[in-house]
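Each remark here refers to the structure printed beneath this line.
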Amino acid sequence: MFNNKIISVKDQIADQLRSDIISGALAPSTKLSEQTLSERFGVSRGPIREVLLQLTKEGLLVSKNNCGVSVNSALDPSMQALMIDIRRKIETYAISTIKNSFTEEDFAQAESILARIQDAFSSEDFNEVTKADIDFHRFLVFKAGGNELVNLWYPIVLRMRMNYKRLSTPKACVEEHQAILDALRAKNVTLAKKCLMANIK
């Protein structure tokens, strides 16, 4: 689902800006200029405009009349708690939905994403850790409900990540995700949900 596909220039720019926002390289309230971004990425303003619209829909940016586009603010604690609750509901629904349909190919795909997490930790590439972590959970959500469910889930995850303070050790992070897969393989839905809830904080 995530590998061996050609990524368009527009998607590459969107991916880089997401990383910049989530990592804090682009701080909340930072204004973004189409002209500056077009010069940075060496493209016309058309693709930049599309990317800014996309990231606004995802909740990472805000657009205001006469003020342009800027990086959204981090969630306050009560909203963060609400987002966590909604995300857990979507992903536990996904676990229930895929419990009997997860194939060996699916397990291999999920294991390959876990390997990416481990490799990213080893090279201290924490942006890649975040991307691979999101990809792992997105894979489960996609298997349960396709793009329709992913489109509901994805903006929630991105907004949560804007003020994400929990950084597991590499061993703990991989083990938490592995525990979800092990429970799914054993068809122990209750345990899989428990492991998932422990991972989403």
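Chain labels A, B, ... are given in the sequence in which chains occur in the structure tokens; within each chain residues are numbered consecutively from 1, and ligands are likewise numbered from 1 in the order shown.
For Leu75 of chain A, the list of residues within 12 Å, based on only C-alpha atoms and with local chain neighbours fewer than 5 positions off taken out, reads Pro28, Gly59, Leu60, Gln80, Ala81, Leu82, Met83, Ile84, Ile156, Val157, Leu158, Arg159, Met160, Arg161, Met162, Asn163 and Tyr164 of chain A.
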Those selected residues, please, written with N, CA and C atoms and delivered as a PDB file, in the first residue's frame.
```pdb
ATOM      1  N   PRO A  28       3.811  27.019  15.334  1.00  0.00           N
ATOM      2  CA  PRO A  28       2.429  27.501  15.246  1.00  0.00           C
ATOM      3  C   PRO A  28       2.375  29.000  14.950  1.00  0.00           C
ATOM      4  N   GLY A  59      -6.018  20.101   8.635  1.00  0.00           N
ATOM      5  CA  GLY A  59      -6.002  20.736   9.938  1.00  0.00           C
ATOM      6  C   GLY A  59      -4.648  21.242  10.394  1.00  0.00           C
ATOM      7  N   LEU A  60      -3.618  21.069   9.557  1.00  0.00           N
ATOM      8  CA  LEU A  60      -2.282  21.537   9.941  1.00  0.00           C
ATOM      9  C   LEU A  60      -2.108  23.032   9.701  1.00  0.00           C
ATOM     10  N   GLN A  80      -7.060  17.877  22.909  1.00  0.00           N
ATOM     11  CA  GLN A  80      -6.152  16.757  22.685  1.00  0.00           C
ATOM     12  C   GLN A  80      -6.762  15.468  23.242  1.00  0.00           C
ATOM     13  N   ALA A  81      -7.343  15.547  24.425  1.00  0.00           N
ATOM     14  CA  ALA A  81      -7.985  14.376  25.031  1.00  0.00           C
ATOM     15  C   ALA A  81      -9.145  13.887  24.173  1.00  0.00           C
ATOM     16  N   LEU A  82      -9.911  14.826  23.614  1.00  0.00           N
ATOM     17  CA  LEU A  82     -11.027  14.464  22.746  1.00  0.00           C
ATOM     18  C   LEU A  82     -10.524  13.764  21.489  1.00  0.00           C
ATOM     19  N   MET A  83      -9.456  14.304  20.890  1.00  0.00           N
ATOM     20  CA  MET A  83      -8.875  13.699  19.693  1.00  0.00           C
ATOM     21  C   MET A  83      -8.390  12.275  19.971  1.00  0.00           C
ATOM     22  N   ILE A  84      -7.749  12.094  21.125  1.00  0.00           N
ATOM     23  CA  ILE A  84      -7.268  10.760  21.495  1.00  0.00           C
ATOM     24  C   ILE A  84      -8.444   9.790  21.595  1.00  0.00           C
ATOM     25  N   ILE A 156      -7.248  13.742  12.277  1.00  0.00           N
ATOM     26  CA  ILE A 156      -7.186  13.635  13.737  1.00  0.00           C
ATOM     27  C   ILE A 156      -5.770  13.301  14.177  1.00  0.00           C
ATOM     28  N   VAL A 157      -5.156  12.359  13.501  1.00  0.00           N
ATOM     29  CA  VAL A 157      -3.793  11.946  13.854  1.00  0.00           C
ATOM     30  C   VAL A 157      -2.809  13.101  13.657  1.00  0.00           C
ATOM     31  N   LEU A 158      -2.943  13.808  12.552  1.00  0.00           N
ATOM     32  CA  LEU A 158      -2.017  14.906  12.277  1.00  0.00           C
ATOM     33  C   LEU A 158      -2.141  16.013  13.317  1.00  0.00           C
ATOM     34  N   ARG A 159      -3.366  16.365  13.694  1.00  0.00           N
ATOM     35  CA  ARG A 159      -3.547  17.411  14.700  1.00  0.00           C
ATOM     36  C   ARG A 159      -2.990  16.973  16.046  1.00  0.00           C
ATOM     37  N   MET A 160      -3.181  15.697  16.398  1.00  0.00           N
ATOM     38  CA  MET A 160      -2.598  15.173  17.638  1.00  0.00           C
ATOM     39  C   MET A 160      -1.087  15.299  17.633  1.00  0.00           C
ATOM     40  N   ARG A 161      -0.486  15.057  16.478  1.00  0.00           N
ATOM     41  CA  ARG A 161       0.974  15.027  16.379  1.00  0.00           C
ATOM     42  C   ARG A 161       1.595  16.412  16.533  1.00  0.00           C
ATOM     43  N   MET A 162       0.796  17.466  16.392  1.00  0.00           N
ATOM     44  CA  MET A 162       1.349  18.813  16.482  1.00  0.00           C
ATOM     45  C   MET A 162       1.826  19.159  17.887  1.00  0.00           C
ATOM     46  N   ASN A 163       1.265  18.487  18.898  1.00  0.00           N
ATOM     47  CA  ASN A 163       1.789  18.721  20.248  1.00  0.00           C
ATOM     48  C   ASN A 163       2.034  17.387  20.944  1.00  0.00           C
ATOM     49  N   TYR A 164       2.680  16.500  20.206  1.00  0.00           N
ATOM     50  CA  TYR A 164       2.953  15.156  20.699  1.00  0.00           C
ATOM     51  C   TYR A 164       4.217  15.170  21.533  1.00  0.00           C
TER      52      TYR A 164
END
```
Within 12 Å of Val150 of chain A, counting only C-alpha atoms, which residues show up once you throw out same-chain ones fewer than 6 positions away? Write them as number ranges by chain, please.
-> A: 58, 87, 90-91, 94, 134-135, 137-144, 156-158
Could you turn the residues from that selection into a file that holds N, CA and C atoms, as a PDB file, in the first residue's frame?
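Output contents, as saved in result-v6.pdb:
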```pdb
ATOM      1  N   GLU A  58      -6.456  19.156   6.141  1.00  0.00           N
ATOM      2  CA  GLU A  58      -5.957  18.184   7.118  1.00  0.00           C
ATOM      3  C   GLU A  58      -5.853  18.780   8.524  1.00  0.00           C
ATOM      4  N   ARG A  87      -9.763   9.004  18.099  1.00  0.00           N
ATOM      5  CA  ARG A  87      -8.824   8.131  17.390  1.00  0.00           C
ATOM      6  C   ARG A  87      -8.897   6.699  17.914  1.00  0.00           C
ATOM      7  N   ILE A  90     -11.944   4.930  16.509  1.00  0.00           N
ATOM      8  CA  ILE A  90     -11.783   4.527  15.106  1.00  0.00           C
ATOM      9  C   ILE A  90     -10.882   3.301  14.998  1.00  0.00           C
ATOM     10  N   GLU A  91      -9.782   3.302  15.730  1.00  0.00           N
ATOM     11  CA  GLU A  91      -8.821   2.204  15.579  1.00  0.00           C
ATOM     12  C   GLU A  91      -9.279   0.918  16.265  1.00  0.00           C
ATOM     13  N   ALA A  94     -11.474  -0.546  13.853  1.00  0.00           N
ATOM     14  CA  ALA A  94     -10.685  -1.198  12.802  1.00  0.00           C
ATOM     15  C   ALA A  94     -10.232  -2.586  13.242  1.00  0.00           C
ATOM     16  N   ILE A 134       2.722   6.470  11.863  1.00  0.00           N
ATOM     17  CA  ILE A 134       1.423   6.798  11.266  1.00  0.00           C
ATOM     18  C   ILE A 134       1.044   5.777  10.198  1.00  0.00           C
ATOM     19  N   ASP A 135       2.027   5.360   9.391  1.00  0.00           N
ATOM     20  CA  ASP A 135       1.755   4.379   8.342  1.00  0.00           C
ATOM     21  C   ASP A 135       1.264   3.052   8.919  1.00  0.00           C
ATOM     22  N   HIS A 137      -0.473   2.529  11.724  1.00  0.00           N
ATOM     23  CA  HIS A 137      -1.872   2.652  12.138  1.00  0.00           C
ATOM     24  C   HIS A 137      -2.791   2.889  10.936  1.00  0.00           C
ATOM     25  N   ARG A 138      -2.293   3.651   9.951  1.00  0.00           N
ATOM     26  CA  ARG A 138      -3.104   3.884   8.754  1.00  0.00           C
ATOM     27  C   ARG A 138      -3.357   2.580   8.006  1.00  0.00           C
ATOM     28  N   PHE A 139      -2.378   1.682   8.017  1.00  0.00           N
ATOM     29  CA  PHE A 139      -2.548   0.396   7.347  1.00  0.00           C
ATOM     30  C   PHE A 139      -3.708  -0.384   7.969  1.00  0.00           C
ATOM     31  N   LEU A 140      -3.768  -0.408   9.297  1.00  0.00           N
ATOM     32  CA  LEU A 140      -4.866  -1.100   9.979  1.00  0.00           C
ATOM     33  C   LEU A 140      -6.207  -0.450   9.658  1.00  0.00           C
ATOM     34  N   VAL A 141      -6.231   0.881   9.686  1.00  0.00           N
ATOM     35  CA  VAL A 141      -7.470   1.610   9.412  1.00  0.00           C
ATOM     36  C   VAL A 141      -7.913   1.386   7.964  1.00  0.00           C
ATOM     37  N   PHE A 142      -6.949   1.410   7.040  1.00  0.00           N
ATOM     38  CA  PHE A 142      -7.269   1.201   5.628  1.00  0.00           C
ATOM     39  C   PHE A 142      -7.834  -0.205   5.392  1.00  0.00           C
ATOM     40  N   LYS A 143      -7.229  -1.199   6.032  1.00  0.00           N
ATOM     41  CA  LYS A 143      -7.716  -2.567   5.854  1.00  0.00           C
ATOM     42  C   LYS A 143      -9.150  -2.712   6.358  1.00  0.00           C
ATOM     43  N   ALA A 144      -9.523  -1.891   7.324  1.00  0.00           N
ATOM     44  CA  ALA A 144     -10.866  -1.987   7.900  1.00  0.00           C
ATOM     45  C   ALA A 144     -11.912  -1.242   7.089  1.00  0.00           C
ATOM     46  N   ILE A 156      -7.248  13.742  12.277  1.00  0.00           N
ATOM     47  CA  ILE A 156      -7.186  13.635  13.737  1.00  0.00           C
ATOM     48  C   ILE A 156      -5.770  13.301  14.177  1.00  0.00           C
ATOM     49  N   VAL A 157      -5.156  12.359  13.501  1.00  0.00           N
ATOM     50  CA  VAL A 157      -3.793  11.946  13.854  1.00  0.00           C
ATOM     51  C   VAL A 157      -2.809  13.101  13.657  1.00  0.00           C
ATOM     52  N   LEU A 158      -2.943  13.808  12.552  1.00  0.00           N
ATOM     53  CA  LEU A 158      -2.017  14.906  12.277  1.00  0.00           C
ATOM     54  C   LEU A 158      -2.141  16.013  13.317  1.00  0.00           C
TER      55      LEU A 158
END
```
Strand (DSSP E) positions in segment 37-171 of chain A, given as a PyMOL selection string = chain A and resi 61-64+68-71
Save out the residues we just selected, C-alpha atoms, as a compact mmCIF listing (two decimals), in the first residue's frame.
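Final output, saved to result.txt:
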```txt
# COMPACT_ATOMS: atom_id res chain seq x y z
CA LEU A 61 -2.80 24.99 8.42
CA VAL A 62 -5.45 27.66 8.82
CA SER A 63 -6.57 30.13 6.18
CA LYS A 64 -8.12 33.46 7.13
CA GLY A 68 -3.26 34.35 4.30
CA VAL A 69 -2.26 30.87 5.41
CA SER A 70 -0.43 30.05 8.62
CA VAL A 71 0.49 27.01 10.72
```
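Shell of segment 14-24 of chain A at 7 Å, with only C-alpha atoms counted and residues fewer than 2 places along the chain excluded, is Lys10, Asp11, Gln12, Leu26, Ala27, Val51, Asn127, Arg161 and Met162 of chain A.
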Could you save those same residues with C-alpha atoms as a compact mmCIF listing (two decimals), in the first residue's frame?
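Final file, result_0.txt:
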```
# COMPACT_ATOMS: atom_id res chain seq x y z
CA LYS A 10 3.09 17.92 -5.07
CA ASP A 11 2.88 14.98 -2.63
CA GLN A 12 6.60 15.29 -1.87
CA LEU A 26 7.51 25.47 11.29
CA ALA A 27 6.13 26.82 14.56
CA VAL A 51 -0.63 21.76 -1.18
CA ASN A 127 10.63 12.44 11.32
CA ARG A 161 0.97 15.03 16.38
CA MET A 162 1.35 18.81 16.48
```
Kindly indicate which residue among A:Lys57, A:Ser123, A:Ala179, A:Met79 lies nearest to Asn151 of chain A, using only C-alpha atoms for the distances.
-> A:Lys57
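Minimum atom-to-atom distances from A:Ser96, A:Thr130, A:Ser44, A:Thr169 to Leu196 of chain A were compared using only C-alpha atoms, and the lowest value belongs to A:Ser96.
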Excluding Pro47 of chain A and residues on its chain fewer than 3 positions from it, collect all residues at most 12 Å away from it, counting only C-alpha atoms, and give them as JSON, numbers by chain.
-> {"A": [8, 9, 10, 11, 12, 13, 14, 34, 35, 37, 38, 39, 41, 42, 43, 44, 50, 51, 52, 53, 54]}
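For the pair atom CA of Lys201 of chain A and atom CA of Glu104 of chain A, the separation is 28.5 Å.
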Enumerate as a ChimeraX atom specification all residues of segment 32-98 of chain A assigned to alpha helix (DSSP H) by DSSP on the backbone, naming them with the chain letters and numbers the document uses.
-> /A:34-41,45-57,77-98
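For segment 111-116 of chain A, the non-local neighbours within 8 Å, defined as residues at least 3 positions apart in the same chain or in other chains and counting only C-alpha atoms, are A:Phe107, A:Ala108, A:Asp119, A:Ala120, A:Val129, A:Ala132, A:Asp133, A:Asp135, A:Phe136, A:Val174, A:His177, A:Gln178.
A straight line drawn from atom CA of Glu128 of chain A to atom CA of Met197 of chain A is 22.5 Å long.
In this model, the gap between atom CA of Thr97 of chain A and atom CA of Ile117 of chain A comes to 24.9 Å.
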Which polymer residues have any atom within 9 Å of an atom of Ile180 of chain A, counting only C-alpha atoms, with same-chain residues fewer than 2 positions away left out, as a PyMOL selection string?
-> chain A and resi 175-178+182-185+191-196
Just write the chosen residues, C-alpha atoms, as a compact mmCIF listing (two decimals), in the first residue's frame.
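Everything below was put into out.txt:
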```txt
# COMPACT_ATOMS: atom_id res chain seq x y z
CA GLU A 175 7.23 -3.74 21.20
CA GLU A 176 3.94 -1.83 21.59
CA HIS A 177 3.20 -2.16 17.88
CA GLN A 178 4.40 -5.77 17.77
CA ASP A 182 0.75 -10.64 17.92
CA ALA A 183 -2.71 -10.31 19.44
CA LEU A 184 -4.26 -10.01 15.98
CA ARG A 185 -2.39 -13.11 14.82
CA LEU A 191 -5.91 -8.08 23.88
CA ALA A 192 -5.30 -6.34 20.53
CA LYS A 193 -7.59 -3.49 21.60
CA LYS A 194 -5.89 -3.29 25.00
CA CYS A 195 -2.46 -3.06 23.33
CA LEU A 196 -3.77 -0.43 20.94
```
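Closest approach to Phe121 of chain A among A:Asn147, A:Cys173, A:Asp85, A:Lys187 is made by A:Cys173 (distances from only C-alpha atoms).
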